[in-house]
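Notes follow the structure.
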Amino acid sequence: MKIIVRWLLLASALLLVAYLYTGVAVTSFASAMIAAFVIGIFNTLLRPLLVLLTLPVTLLTLGLFLFVINALMFWAAAYVLDGFAVNGFGAALIGSLIYSVCGIVIDAAMERLFPSAISAA
């Protein structure tokens, strides 16, 4: 249940990003749900590999290169999907920043709504 609620909230966050920033476009809520799923899959499978491969650059930039990796995941999802579009890398960077802030807020709200068994004990 928690995963489905989080997925719906992240899809809504993607629609919010498209509403707030003109460089990102989402055609429908269904497209936002698919895009949120694809971004999640990319972040689960590709992001750790990219973080590992770019570790020297990430260390040199004191972690700021992770913003570039997030933007690449956002941009890659837009590239493979039809109902989700990003107008260039700059738009992907700004869109991924807004989406990440929304994700942090959603995760904080989810912890309040669905407290884990470990923290409840």
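In the structure tokens, the first chain shown is A, the next is B, and so on; residue numbers restart at 1 for each chain, and ligands run from 1 in the order shown.
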Near Thr22 in chain A, counting only C-alpha atoms, which residues have an atom at most 10 Å away, once you skip same-chain residues fewer than 5 positions from it, shown as an mmCIF file with all heavy atoms, in the first residue's frame?
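out.cif, written as the output of this step:
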```cif
data_model
loop_
_atom_site.group_PDB
_atom_site.id
_atom_site.type_symbol
_atom_site.label_atom_id
_atom_site.label_comp_id
_atom_site.auth_asym_id
_atom_site.auth_seq_id
_atom_site.Cartn_x
_atom_site.Cartn_y
_atom_site.Cartn_z
ATOM 1 N N VAL A 17 5.847 19.582 -11.300
ATOM 2 C CA VAL A 17 7.064 20.067 -11.959
ATOM 3 C C VAL A 17 6.715 20.639 -13.330
ATOM 4 O O VAL A 17 7.180 21.716 -13.699
ATOM 5 C CB VAL A 17 8.125 18.941 -12.080
ATOM 6 C CG1 VAL A 17 9.272 19.369 -12.967
ATOM 7 C CG2 VAL A 17 8.632 18.537 -10.712
ATOM 8 N N VAL A 86 11.345 16.773 -21.929
ATOM 9 C CA VAL A 86 12.229 17.735 -21.272
ATOM 10 C C VAL A 86 12.987 18.462 -22.371
ATOM 11 O O VAL A 86 13.545 17.834 -23.274
ATOM 12 C CB VAL A 86 13.211 17.016 -20.306
ATOM 13 C CG1 VAL A 86 14.185 17.987 -19.713
ATOM 14 C CG2 VAL A 86 12.453 16.296 -19.213
ATOM 15 N N ASN A 87 13.029 19.797 -22.289
ATOM 16 C CA ASN A 87 13.662 20.616 -23.323
ATOM 17 C C ASN A 87 15.131 20.864 -23.021
ATOM 18 O O ASN A 87 15.523 21.971 -22.674
ATOM 19 C CB ASN A 87 12.931 21.954 -23.467
ATOM 20 C CG ASN A 87 11.501 21.782 -23.889
ATOM 21 O OD1 ASN A 87 11.160 20.837 -24.576
ATOM 22 N ND2 ASN A 87 10.653 22.689 -23.469
ATOM 23 N N ALA A 91 16.934 22.124 -18.629
ATOM 24 C CA ALA A 91 15.571 21.870 -18.154
ATOM 25 C C ALA A 91 15.526 20.590 -17.318
ATOM 26 O O ALA A 91 14.793 20.519 -16.332
ATOM 27 C CB ALA A 91 14.616 21.768 -19.338
ATOM 28 N N GLY A 95 14.300 20.625 -13.589
ATOM 29 C CA GLY A 95 13.175 19.725 -13.337
ATOM 30 C C GLY A 95 13.507 18.655 -12.317
ATOM 31 O O GLY A 95 12.700 18.350 -11.437
#
```
* To do: Would you kindly return, as a PyMOL selection string, each protein, DNA or RNA residue with an atom no farther than 12 Å from any atom of Pro48 in chain A, considering only C-alpha atoms and excluding same-chain residues fewer than 4 positions away?
  => chain A and resi 41-44+52-55+66+69-70+73
Write the selection just made, keeping all heavy atoms, as an mmCIF file, in the first residue's frame?
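The result, stored in result_14.cif:
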```
data_model
loop_
_atom_site.group_PDB
_atom_site.id
_atom_site.type_symbol
_atom_site.label_atom_id
_atom_site.label_comp_id
_atom_site.auth_asym_id
_atom_site.auth_seq_id
_atom_site.Cartn_x
_atom_site.Cartn_y
_atom_site.Cartn_z
ATOM 1 N N ILE A 41 12.873 3.286 -11.739
ATOM 2 C CA ILE A 41 13.665 2.150 -12.234
ATOM 3 C C ILE A 41 15.078 2.602 -12.599
ATOM 4 O O ILE A 41 16.065 1.946 -12.248
ATOM 5 C CB ILE A 41 12.972 1.489 -13.452
ATOM 6 C CG1 ILE A 41 11.678 0.818 -13.024
ATOM 7 C CG2 ILE A 41 13.892 0.498 -14.149
ATOM 8 C CD1 ILE A 41 11.844 -0.357 -12.090
ATOM 9 N N PHE A 42 15.192 3.724 -13.307
ATOM 10 C CA PHE A 42 16.515 4.248 -13.665
ATOM 11 C C PHE A 42 17.335 4.581 -12.423
ATOM 12 O O PHE A 42 18.531 4.297 -12.362
ATOM 13 C CB PHE A 42 16.394 5.479 -14.556
ATOM 14 C CG PHE A 42 16.037 5.189 -15.993
ATOM 15 C CD1 PHE A 42 15.843 6.217 -16.886
ATOM 16 C CD2 PHE A 42 15.896 3.897 -16.463
ATOM 17 C CE1 PHE A 42 15.524 5.977 -18.210
ATOM 18 C CE2 PHE A 42 15.578 3.633 -17.770
ATOM 19 C CZ PHE A 42 15.381 4.674 -18.659
ATOM 20 N N ASN A 43 16.681 5.192 -11.426
ATOM 21 C CA ASN A 43 17.399 5.538 -10.194
ATOM 22 C C ASN A 43 17.817 4.302 -9.416
ATOM 23 O O ASN A 43 18.830 4.316 -8.724
ATOM 24 C CB ASN A 43 16.546 6.454 -9.307
ATOM 25 C CG ASN A 43 16.564 7.876 -9.783
ATOM 26 O OD1 ASN A 43 17.498 8.321 -10.435
ATOM 27 N ND2 ASN A 43 15.521 8.607 -9.458
ATOM 28 N N THR A 44 17.055 3.228 -9.523
ATOM 29 C CA THR A 44 17.385 1.991 -8.827
ATOM 30 C C THR A 44 18.485 1.217 -9.540
ATOM 31 O O THR A 44 19.391 0.680 -8.890
ATOM 32 C CB THR A 44 16.128 1.107 -8.699
ATOM 33 O OG1 THR A 44 15.129 1.841 -7.996
ATOM 34 C CG2 THR A 44 16.441 -0.172 -7.949
ATOM 35 N N LEU A 52 29.128 5.195 -9.010
ATOM 36 C CA LEU A 52 30.390 4.488 -8.833
ATOM 37 C C LEU A 52 31.413 4.869 -9.911
ATOM 38 O O LEU A 52 32.579 5.121 -9.606
ATOM 39 C CB LEU A 52 30.154 2.976 -8.850
ATOM 40 C CG LEU A 52 31.355 2.097 -8.565
ATOM 41 C CD1 LEU A 52 31.846 2.329 -7.137
ATOM 42 C CD2 LEU A 52 30.999 0.640 -8.764
ATOM 43 N N LEU A 53 30.965 4.952 -11.155
ATOM 44 C CA LEU A 53 31.877 5.285 -12.248
ATOM 45 C C LEU A 53 32.382 6.726 -12.193
ATOM 46 O O LEU A 53 33.480 7.021 -12.654
ATOM 47 C CB LEU A 53 31.200 5.028 -13.603
ATOM 48 C CG LEU A 53 30.950 3.565 -13.956
ATOM 49 C CD1 LEU A 53 30.148 3.451 -15.245
ATOM 50 C CD2 LEU A 53 32.259 2.805 -14.069
ATOM 51 N N THR A 54 31.574 7.619 -11.644
ATOM 52 C CA THR A 54 31.957 9.028 -11.588
ATOM 53 C C THR A 54 32.394 9.448 -10.188
ATOM 54 O O THR A 54 32.410 10.642 -9.882
ATOM 55 C CB THR A 54 30.783 9.920 -12.042
ATOM 56 O OG1 THR A 54 29.676 9.726 -11.160
ATOM 57 C CG2 THR A 54 30.389 9.617 -13.473
ATOM 58 N N LEU A 55 32.763 8.499 -9.366
ATOM 59 C CA LEU A 55 33.149 8.799 -7.991
ATOM 60 C C LEU A 55 34.287 9.812 -7.880
ATOM 61 O O LEU A 55 34.198 10.739 -7.059
ATOM 62 C CB LEU A 55 33.503 7.509 -7.246
ATOM 63 C CG LEU A 55 33.662 7.619 -5.743
ATOM 64 C CD1 LEU A 55 32.390 8.147 -5.104
ATOM 65 C CD2 LEU A 55 34.022 6.276 -5.159
ATOM 66 N N LEU A 66 26.466 14.877 -8.332
ATOM 67 C CA LEU A 66 25.266 14.044 -8.179
ATOM 68 C C LEU A 66 24.036 14.731 -8.762
ATOM 69 O O LEU A 66 23.114 14.061 -9.226
ATOM 70 C CB LEU A 66 25.044 13.704 -6.706
ATOM 71 C CG LEU A 66 26.103 12.793 -6.085
ATOM 72 C CD1 LEU A 66 25.853 12.636 -4.592
ATOM 73 C CD2 LEU A 66 26.142 11.443 -6.778
ATOM 74 N N ILE A 69 24.004 13.715 -12.311
ATOM 75 C CA ILE A 69 23.530 12.333 -12.466
ATOM 76 C C ILE A 69 22.004 12.292 -12.347
ATOM 77 O O ILE A 69 21.332 11.610 -13.128
ATOM 78 C CB ILE A 69 24.216 11.406 -11.454
ATOM 79 C CG1 ILE A 69 25.711 11.299 -11.792
ATOM 80 C CG2 ILE A 69 23.565 10.029 -11.445
ATOM 81 C CD1 ILE A 69 26.524 10.548 -10.781
ATOM 82 N N ASN A 70 21.438 13.031 -11.388
ATOM 83 C CA ASN A 70 19.976 13.092 -11.253
ATOM 84 C C ASN A 70 19.341 13.658 -12.523
ATOM 85 O O ASN A 70 18.314 13.168 -12.985
ATOM 86 C CB ASN A 70 19.579 13.942 -10.048
ATOM 87 C CG ASN A 70 19.804 13.229 -8.746
ATOM 88 O OD1 ASN A 70 19.954 12.027 -8.702
ATOM 89 N ND2 ASN A 70 19.829 13.988 -7.670
ATOM 90 N N MET A 73 19.258 11.039 -15.258
ATOM 91 C CA MET A 73 18.183 10.055 -15.073
ATOM 92 C C MET A 73 16.838 10.650 -15.511
ATOM 93 O O MET A 73 16.035 9.986 -16.158
ATOM 94 C CB MET A 73 18.093 9.620 -13.607
ATOM 95 C CG MET A 73 19.315 8.913 -13.069
ATOM 96 S SD MET A 73 19.703 7.371 -13.911
ATOM 97 C CE MET A 73 20.972 7.904 -15.026
#
```
* To do: Find the spatial neighbours of Ser96 in chain A, counting only C-alpha atoms, within a cut-off of 12 Å - ignore same-chain residues fewer than 5 positions away - and output them as JSON, numbers by chain.
  => {"A": [13, 14, 16, 17, 18, 21, 23, 24, 36, 39, 43, 66, 67, 68, 69, 70, 71, 72, 73, 74, 75, 76, 77, 78, 86, 89, 90, 91, 101, 102, 103]}
Got time to write the residues from that selection, N, CA and C atoms, as a compact mmCIF listing (two decimals), in the first residue's frame?
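What follows is the written file result.txt:
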```
# COMPACT_ATOMS: atom_id res chain seq x y z
N ALA A 13 3.74 14.78 -8.23
CA ALA A 13 4.88 15.70 -8.15
C ALA A 13 5.43 15.99 -9.55
N LEU A 14 5.42 15.00 -10.40
CA LEU A 14 5.88 15.21 -11.77
C LEU A 14 4.96 16.16 -12.52
N LEU A 16 3.29 18.50 -11.02
CA LEU A 16 3.60 19.78 -10.41
C LEU A 16 4.84 20.41 -11.04
N VAL A 17 5.85 19.58 -11.30
CA VAL A 17 7.06 20.07 -11.96
C VAL A 17 6.72 20.64 -13.33
N ALA A 18 5.88 19.92 -14.08
CA ALA A 18 5.48 20.39 -15.41
C ALA A 18 4.67 21.68 -15.32
N TYR A 21 7.39 24.56 -14.11
CA TYR A 21 8.53 24.85 -14.99
C TYR A 21 8.17 24.48 -16.42
N GLY A 23 10.00 24.03 -18.99
CA GLY A 23 10.93 23.17 -19.71
C GLY A 23 10.59 21.69 -19.62
N VAL A 24 9.62 21.36 -18.78
CA VAL A 24 9.17 19.97 -18.60
C VAL A 24 7.70 19.90 -18.97
N ALA A 36 7.09 8.44 -13.63
CA ALA A 36 7.56 8.27 -12.25
C ALA A 36 8.10 6.85 -12.05
N ILE A 39 11.52 6.68 -13.98
CA ILE A 39 12.54 7.41 -13.23
C ILE A 39 12.98 6.58 -12.02
N ASN A 43 16.68 5.19 -11.43
CA ASN A 43 17.40 5.54 -10.19
C ASN A 43 17.82 4.30 -9.42
N LEU A 66 26.47 14.88 -8.33
CA LEU A 66 25.27 14.04 -8.18
C LEU A 66 24.04 14.73 -8.76
N PHE A 67 24.03 16.07 -8.77
CA PHE A 67 22.94 16.79 -9.43
C PHE A 67 22.92 16.50 -10.93
N VAL A 68 24.09 16.39 -11.51
CA VAL A 68 24.19 16.06 -12.94
C VAL A 68 23.67 14.65 -13.20
N ILE A 69 24.00 13.71 -12.31
CA ILE A 69 23.53 12.33 -12.47
C ILE A 69 22.00 12.29 -12.35
N ASN A 70 21.44 13.03 -11.39
CA ASN A 70 19.98 13.09 -11.25
C ASN A 70 19.34 13.66 -12.52
N ALA A 71 19.95 14.70 -13.07
CA ALA A 71 19.43 15.30 -14.30
C ALA A 71 19.51 14.30 -15.46
N LEU A 72 20.57 13.52 -15.52
CA LEU A 72 20.70 12.52 -16.58
C LEU A 72 19.60 11.46 -16.47
N MET A 73 19.26 11.04 -15.26
CA MET A 73 18.18 10.06 -15.07
C MET A 73 16.84 10.65 -15.51
N PHE A 74 16.62 11.90 -15.17
CA PHE A 74 15.39 12.62 -15.54
C PHE A 74 15.30 12.75 -17.06
N TRP A 75 16.41 13.16 -17.66
CA TRP A 75 16.47 13.35 -19.11
C TRP A 75 16.33 12.02 -19.86
N ALA A 76 16.94 10.97 -19.34
CA ALA A 76 16.86 9.66 -19.98
C ALA A 76 15.42 9.14 -19.96
N ALA A 77 14.72 9.36 -18.86
CA ALA A 77 13.31 8.93 -18.78
C ALA A 77 12.48 9.68 -19.82
N ALA A 78 12.74 10.96 -19.98
CA ALA A 78 11.99 11.74 -20.98
C ALA A 78 12.33 11.27 -22.39
N VAL A 86 11.34 16.77 -21.93
CA VAL A 86 12.23 17.73 -21.27
C VAL A 86 12.99 18.46 -22.37
N PHE A 89 19.22 19.69 -21.45
CA PHE A 89 19.84 19.29 -20.19
C PHE A 89 19.57 20.29 -19.08
N GLY A 90 19.57 21.57 -19.40
CA GLY A 90 19.28 22.59 -18.38
C GLY A 90 17.89 22.41 -17.78
N ALA A 91 16.93 22.12 -18.63
CA ALA A 91 15.57 21.87 -18.15
C ALA A 91 15.53 20.59 -17.32
N VAL A 101 13.08 17.79 -4.60
CA VAL A 101 12.52 18.48 -3.43
C VAL A 101 11.13 17.92 -3.12
N CYS A 102 10.34 17.72 -4.15
CA CYS A 102 9.01 17.11 -3.95
C CYS A 102 9.14 15.71 -3.37
N GLY A 103 10.11 14.95 -3.85
CA GLY A 103 10.34 13.60 -3.33
C GLY A 103 10.73 13.60 -1.86
```
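One finds CA of Leu15 in chain A at 9.4 Å from CA of Met33 in chain A.
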As a short mmCIF file (atom, residue, chain, number, x, y, z; two decimals) with N, CA and C atoms, in the first residue's frame, please: all residues of chain A that backbone DSSP puts in alpha helix (DSSP H).
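And here is the file that came out, result18.cif:
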```cif
data_model
loop_
_atom_site.label_atom_id
_atom_site.label_comp_id
_atom_site.auth_asym_id
_atom_site.auth_seq_id
_atom_site.Cartn_x
_atom_site.Cartn_y
_atom_site.Cartn_z
N LYS A 2 1.92 1.23 0.82
CA LYS A 2 2.81 2.39 0.93
C LYS A 2 3.48 2.71 -0.42
N ILE A 3 3.87 1.68 -1.15
CA ILE A 3 4.54 1.87 -2.43
C ILE A 3 3.59 2.50 -3.46
N ILE A 4 2.34 2.06 -3.45
CA ILE A 4 1.37 2.59 -4.41
C ILE A 4 1.07 4.06 -4.10
N VAL A 5 0.90 4.39 -2.82
CA VAL A 5 0.64 5.77 -2.44
C VAL A 5 1.82 6.65 -2.82
N ARG A 6 3.03 6.17 -2.56
CA ARG A 6 4.24 6.94 -2.91
C ARG A 6 4.33 7.14 -4.42
N TRP A 7 4.02 6.10 -5.17
CA TRP A 7 4.07 6.19 -6.63
C TRP A 7 3.06 7.22 -7.15
N LEU A 8 1.84 7.21 -6.61
CA LEU A 8 0.82 8.19 -7.01
C LEU A 8 1.25 9.61 -6.64
N LEU A 9 1.86 9.77 -5.46
CA LEU A 9 2.32 11.10 -5.05
C LEU A 9 3.49 11.58 -5.92
N LEU A 10 4.39 10.67 -6.29
CA LEU A 10 5.50 11.06 -7.16
C LEU A 10 5.01 11.41 -8.56
N ALA A 11 3.99 10.72 -9.03
CA ALA A 11 3.39 11.07 -10.33
C ALA A 11 2.76 12.45 -10.24
N SER A 12 2.10 12.74 -9.14
CA SER A 12 1.53 14.08 -8.94
C SER A 12 2.63 15.13 -8.86
N ALA A 13 3.74 14.78 -8.23
CA ALA A 13 4.88 15.70 -8.15
C ALA A 13 5.43 15.99 -9.55
N LEU A 14 5.42 15.00 -10.40
CA LEU A 14 5.88 15.21 -11.77
C LEU A 14 4.96 16.16 -12.52
N LEU A 15 3.66 16.05 -12.28
CA LEU A 15 2.72 17.01 -12.86
C LEU A 15 2.95 18.40 -12.30
N LEU A 16 3.29 18.50 -11.02
CA LEU A 16 3.60 19.78 -10.41
C LEU A 16 4.84 20.41 -11.04
N VAL A 17 5.85 19.58 -11.30
CA VAL A 17 7.06 20.07 -11.96
C VAL A 17 6.72 20.64 -13.33
N ALA A 18 5.88 19.92 -14.08
CA ALA A 18 5.48 20.39 -15.41
C ALA A 18 4.67 21.68 -15.32
N TYR A 19 3.91 21.83 -14.25
CA TYR A 19 3.11 23.05 -14.07
C TYR A 19 3.99 24.24 -13.69
N LEU A 20 4.98 23.99 -12.82
CA LEU A 20 5.83 25.07 -12.32
C LEU A 20 6.91 25.49 -13.31
N PHE A 29 -2.01 12.32 -16.52
CA PHE A 29 -1.63 11.68 -15.26
C PHE A 29 -1.09 10.27 -15.51
N ALA A 30 -1.65 9.58 -16.50
CA ALA A 30 -1.14 8.25 -16.84
C ALA A 30 0.30 8.33 -17.31
N SER A 31 0.62 9.33 -18.11
CA SER A 31 2.00 9.53 -18.55
C SER A 31 2.90 9.86 -17.37
N ALA A 32 2.37 10.63 -16.42
CA ALA A 32 3.15 10.97 -15.22
C ALA A 32 3.41 9.72 -14.38
N MET A 33 2.43 8.84 -14.30
CA MET A 33 2.63 7.59 -13.54
C MET A 33 3.69 6.72 -14.18
N ILE A 34 3.65 6.61 -15.50
CA ILE A 34 4.65 5.81 -16.21
C ILE A 34 6.02 6.46 -16.07
N ALA A 35 6.09 7.78 -16.19
CA ALA A 35 7.36 8.48 -16.06
C ALA A 35 7.93 8.34 -14.65
N ALA A 36 7.09 8.44 -13.63
CA ALA A 36 7.56 8.27 -12.25
C ALA A 36 8.10 6.85 -12.05
N PHE A 37 7.44 5.87 -12.66
CA PHE A 37 7.91 4.49 -12.58
C PHE A 37 9.27 4.32 -13.27
N VAL A 38 9.40 4.88 -14.47
CA VAL A 38 10.65 4.76 -15.23
C VAL A 38 11.79 5.50 -14.52
N ILE A 39 11.52 6.68 -13.98
CA ILE A 39 12.54 7.41 -13.23
C ILE A 39 12.98 6.58 -12.02
N GLY A 40 12.02 5.96 -11.35
CA GLY A 40 12.35 5.09 -10.22
C GLY A 40 13.20 3.90 -10.62
N ILE A 41 12.87 3.29 -11.74
CA ILE A 41 13.67 2.15 -12.23
C ILE A 41 15.08 2.60 -12.60
N PHE A 42 15.19 3.72 -13.31
CA PHE A 42 16.52 4.25 -13.67
C PHE A 42 17.33 4.58 -12.42
N ASN A 43 16.68 5.19 -11.43
CA ASN A 43 17.40 5.54 -10.19
C ASN A 43 17.82 4.30 -9.42
N THR A 44 17.05 3.23 -9.52
CA THR A 44 17.38 1.99 -8.83
C THR A 44 18.49 1.22 -9.54
N LEU A 45 18.44 1.16 -10.86
CA LEU A 45 19.37 0.31 -11.62
C LEU A 45 20.59 1.06 -12.16
N ARG A 47 21.54 4.57 -11.66
CA ARG A 47 22.18 5.60 -10.83
C ARG A 47 23.34 5.07 -9.99
N PRO A 48 23.19 3.92 -9.30
CA PRO A 48 24.34 3.44 -8.51
C PRO A 48 25.58 3.16 -9.37
N LEU A 49 25.37 2.65 -10.56
CA LEU A 49 26.50 2.40 -11.46
C LEU A 49 27.16 3.71 -11.90
N LEU A 50 26.34 4.71 -12.23
CA LEU A 50 26.89 6.01 -12.62
C LEU A 50 27.61 6.70 -11.46
N VAL A 51 27.06 6.57 -10.26
CA VAL A 51 27.71 7.16 -9.09
C VAL A 51 29.07 6.51 -8.86
N LEU A 52 29.13 5.20 -9.01
CA LEU A 52 30.39 4.49 -8.83
C LEU A 52 31.41 4.87 -9.91
N LEU A 53 30.96 4.95 -11.16
CA LEU A 53 31.88 5.29 -12.25
C LEU A 53 32.38 6.73 -12.19
N LEU A 55 32.76 8.50 -9.37
CA LEU A 55 33.15 8.80 -7.99
C LEU A 55 34.29 9.81 -7.88
N PRO A 56 35.35 9.73 -8.69
CA PRO A 56 36.40 10.76 -8.59
C PRO A 56 35.89 12.18 -8.87
N VAL A 57 35.04 12.32 -9.89
CA VAL A 57 34.50 13.63 -10.22
C VAL A 57 33.57 14.10 -9.10
N THR A 58 32.79 13.18 -8.57
CA THR A 58 31.88 13.53 -7.47
C THR A 58 32.66 14.00 -6.25
N LEU A 59 33.75 13.33 -5.95
CA LEU A 59 34.57 13.75 -4.81
C LEU A 59 35.22 15.11 -5.06
N LEU A 60 35.70 15.33 -6.28
CA LEU A 60 36.33 16.62 -6.61
C LEU A 60 35.34 17.78 -6.53
N PHE A 65 28.32 16.84 -8.38
CA PHE A 65 28.12 16.11 -9.63
C PHE A 65 26.91 15.18 -9.54
N LEU A 66 26.47 14.88 -8.33
CA LEU A 66 25.27 14.04 -8.18
C LEU A 66 24.04 14.73 -8.76
N PHE A 67 24.03 16.07 -8.77
CA PHE A 67 22.94 16.79 -9.43
C PHE A 67 22.92 16.50 -10.93
N VAL A 68 24.09 16.39 -11.51
CA VAL A 68 24.19 16.06 -12.94
C VAL A 68 23.67 14.65 -13.20
N ILE A 69 24.00 13.71 -12.31
CA ILE A 69 23.53 12.33 -12.47
C ILE A 69 22.00 12.29 -12.35
N ASN A 70 21.44 13.03 -11.39
CA ASN A 70 19.98 13.09 -11.25
C ASN A 70 19.34 13.66 -12.52
N ALA A 71 19.95 14.70 -13.07
CA ALA A 71 19.43 15.30 -14.30
C ALA A 71 19.51 14.30 -15.46
N LEU A 72 20.57 13.52 -15.52
CA LEU A 72 20.70 12.52 -16.58
C LEU A 72 19.60 11.46 -16.47
N MET A 73 19.26 11.04 -15.26
CA MET A 73 18.18 10.06 -15.07
C MET A 73 16.84 10.65 -15.51
N PHE A 74 16.62 11.90 -15.17
CA PHE A 74 15.39 12.62 -15.54
C PHE A 74 15.30 12.75 -17.06
N TRP A 75 16.41 13.16 -17.66
CA TRP A 75 16.47 13.35 -19.11
C TRP A 75 16.33 12.02 -19.86
N ALA A 76 16.94 10.97 -19.34
CA ALA A 76 16.86 9.66 -19.98
C ALA A 76 15.42 9.14 -19.96
N ALA A 77 14.72 9.36 -18.86
CA ALA A 77 13.31 8.93 -18.78
C ALA A 77 12.48 9.68 -19.82
N ALA A 78 12.74 10.96 -19.98
CA ALA A 78 11.99 11.74 -20.98
C ALA A 78 12.33 11.27 -22.39
N TYR A 79 13.56 10.83 -22.59
CA TYR A 79 13.99 10.38 -23.91
C TYR A 79 13.27 9.09 -24.33
N VAL A 80 13.02 8.18 -23.39
CA VAL A 80 12.42 6.89 -23.74
C VAL A 80 10.90 6.89 -23.68
N PHE A 89 19.22 19.69 -21.45
CA PHE A 89 19.84 19.29 -20.19
C PHE A 89 19.57 20.29 -19.08
N GLY A 90 19.57 21.57 -19.40
CA GLY A 90 19.28 22.59 -18.38
C GLY A 90 17.89 22.41 -17.78
N ALA A 91 16.93 22.12 -18.63
CA ALA A 91 15.57 21.87 -18.15
C ALA A 91 15.53 20.59 -17.32
N ALA A 92 16.31 19.59 -17.71
CA ALA A 92 16.37 18.35 -16.93
C ALA A 92 16.97 18.61 -15.56
N LEU A 93 17.98 19.47 -15.50
CA LEU A 93 18.60 19.80 -14.21
C LEU A 93 17.62 20.51 -13.29
N ILE A 94 16.95 21.52 -13.79
CA ILE A 94 15.99 22.26 -12.97
C ILE A 94 14.79 21.37 -12.62
N GLY A 95 14.30 20.63 -13.59
CA GLY A 95 13.17 19.73 -13.34
C GLY A 95 13.51 18.65 -12.32
N SER A 96 14.72 18.10 -12.40
CA SER A 96 15.10 17.07 -11.43
C SER A 96 15.29 17.65 -10.04
N LEU A 97 15.74 18.90 -9.96
CA LEU A 97 15.86 19.54 -8.64
C LEU A 97 14.49 19.74 -8.00
N ILE A 98 13.53 20.23 -8.77
CA ILE A 98 12.17 20.42 -8.25
C ILE A 98 11.57 19.07 -7.87
N TYR A 99 11.76 18.07 -8.72
CA TYR A 99 11.23 16.73 -8.47
C TYR A 99 11.87 16.11 -7.23
N SER A 100 13.15 16.35 -7.02
CA SER A 100 13.84 15.83 -5.83
C SER A 100 13.32 16.48 -4.56
N VAL A 101 13.08 17.79 -4.60
CA VAL A 101 12.52 18.48 -3.43
C VAL A 101 11.13 17.92 -3.12
N CYS A 102 10.34 17.72 -4.15
CA CYS A 102 9.01 17.11 -3.95
C CYS A 102 9.14 15.71 -3.37
N GLY A 103 10.11 14.95 -3.85
CA GLY A 103 10.34 13.60 -3.33
C GLY A 103 10.73 13.60 -1.86
N ILE A 104 11.53 14.58 -1.44
CA ILE A 104 11.92 14.68 -0.03
C ILE A 104 10.69 14.98 0.83
N VAL A 105 9.84 15.89 0.36
CA VAL A 105 8.61 16.23 1.09
C VAL A 105 7.69 15.00 1.16
N ILE A 106 7.57 14.28 0.05
CA ILE A 106 6.72 13.09 0.01
C ILE A 106 7.25 12.02 0.96
N ASP A 107 8.56 11.81 0.97
CA ASP A 107 9.14 10.82 1.88
C ASP A 107 8.91 11.18 3.34
N ALA A 108 9.02 12.47 3.68
CA ALA A 108 8.76 12.91 5.05
C ALA A 108 7.30 12.68 5.42
N ALA A 109 6.40 12.99 4.50
CA ALA A 109 4.98 12.77 4.76
C ALA A 109 4.66 11.29 4.88
N MET A 110 5.30 10.47 4.06
CA MET A 110 5.07 9.02 4.11
C MET A 110 5.52 8.44 5.44
N GLU A 111 6.60 8.95 6.00
CA GLU A 111 7.06 8.47 7.30
C GLU A 111 6.06 8.80 8.40
N ARG A 112 5.38 9.93 8.26
CA ARG A 112 4.35 10.29 9.26
C ARG A 112 3.09 9.47 9.07
N LEU A 113 2.72 9.20 7.80
CA LEU A 113 1.50 8.44 7.53
C LEU A 113 1.67 6.95 7.79
N ALA A 117 7.93 -0.14 11.45
CA ALA A 117 7.84 -0.95 12.67
C ALA A 117 9.05 -0.72 13.57
N ILE A 118 10.19 -0.38 12.98
CA ILE A 118 11.40 -0.19 13.76
C ILE A 118 11.31 1.11 14.59
N SER A 119 10.83 2.19 13.96
CA SER A 119 10.75 3.46 14.68
C SER A 119 9.57 3.49 15.65
N ALA A 120 8.56 2.65 15.43
CA ALA A 120 7.41 2.61 16.32
C ALA A 120 7.72 1.87 17.62
#
```
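Backbone DSSP assigns strand (DSSP E) in chain A to Val24, Ala25, Val26, Phe84, Ala85 and Val86 of chain A.
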Selected residues, C-alpha atoms, written as a short mmCIF file (atom, residue, chain, number, x, y, z; two decimals), in the first residue's frame, please.
```
data_model
loop_
_atom_site.label_atom_id
_atom_site.label_comp_id
_atom_site.auth_asym_id
_atom_site.auth_seq_id
_atom_site.Cartn_x
_atom_site.Cartn_y
_atom_site.Cartn_z
CA VAL A 24 9.17 19.97 -18.60
CA ALA A 25 5.95 18.71 -20.17
CA VAL A 26 3.68 15.85 -19.12
CA PHE A 84 6.98 13.08 -20.90
CA ALA A 85 9.27 15.68 -22.49
CA VAL A 86 12.23 17.73 -21.27
#
```
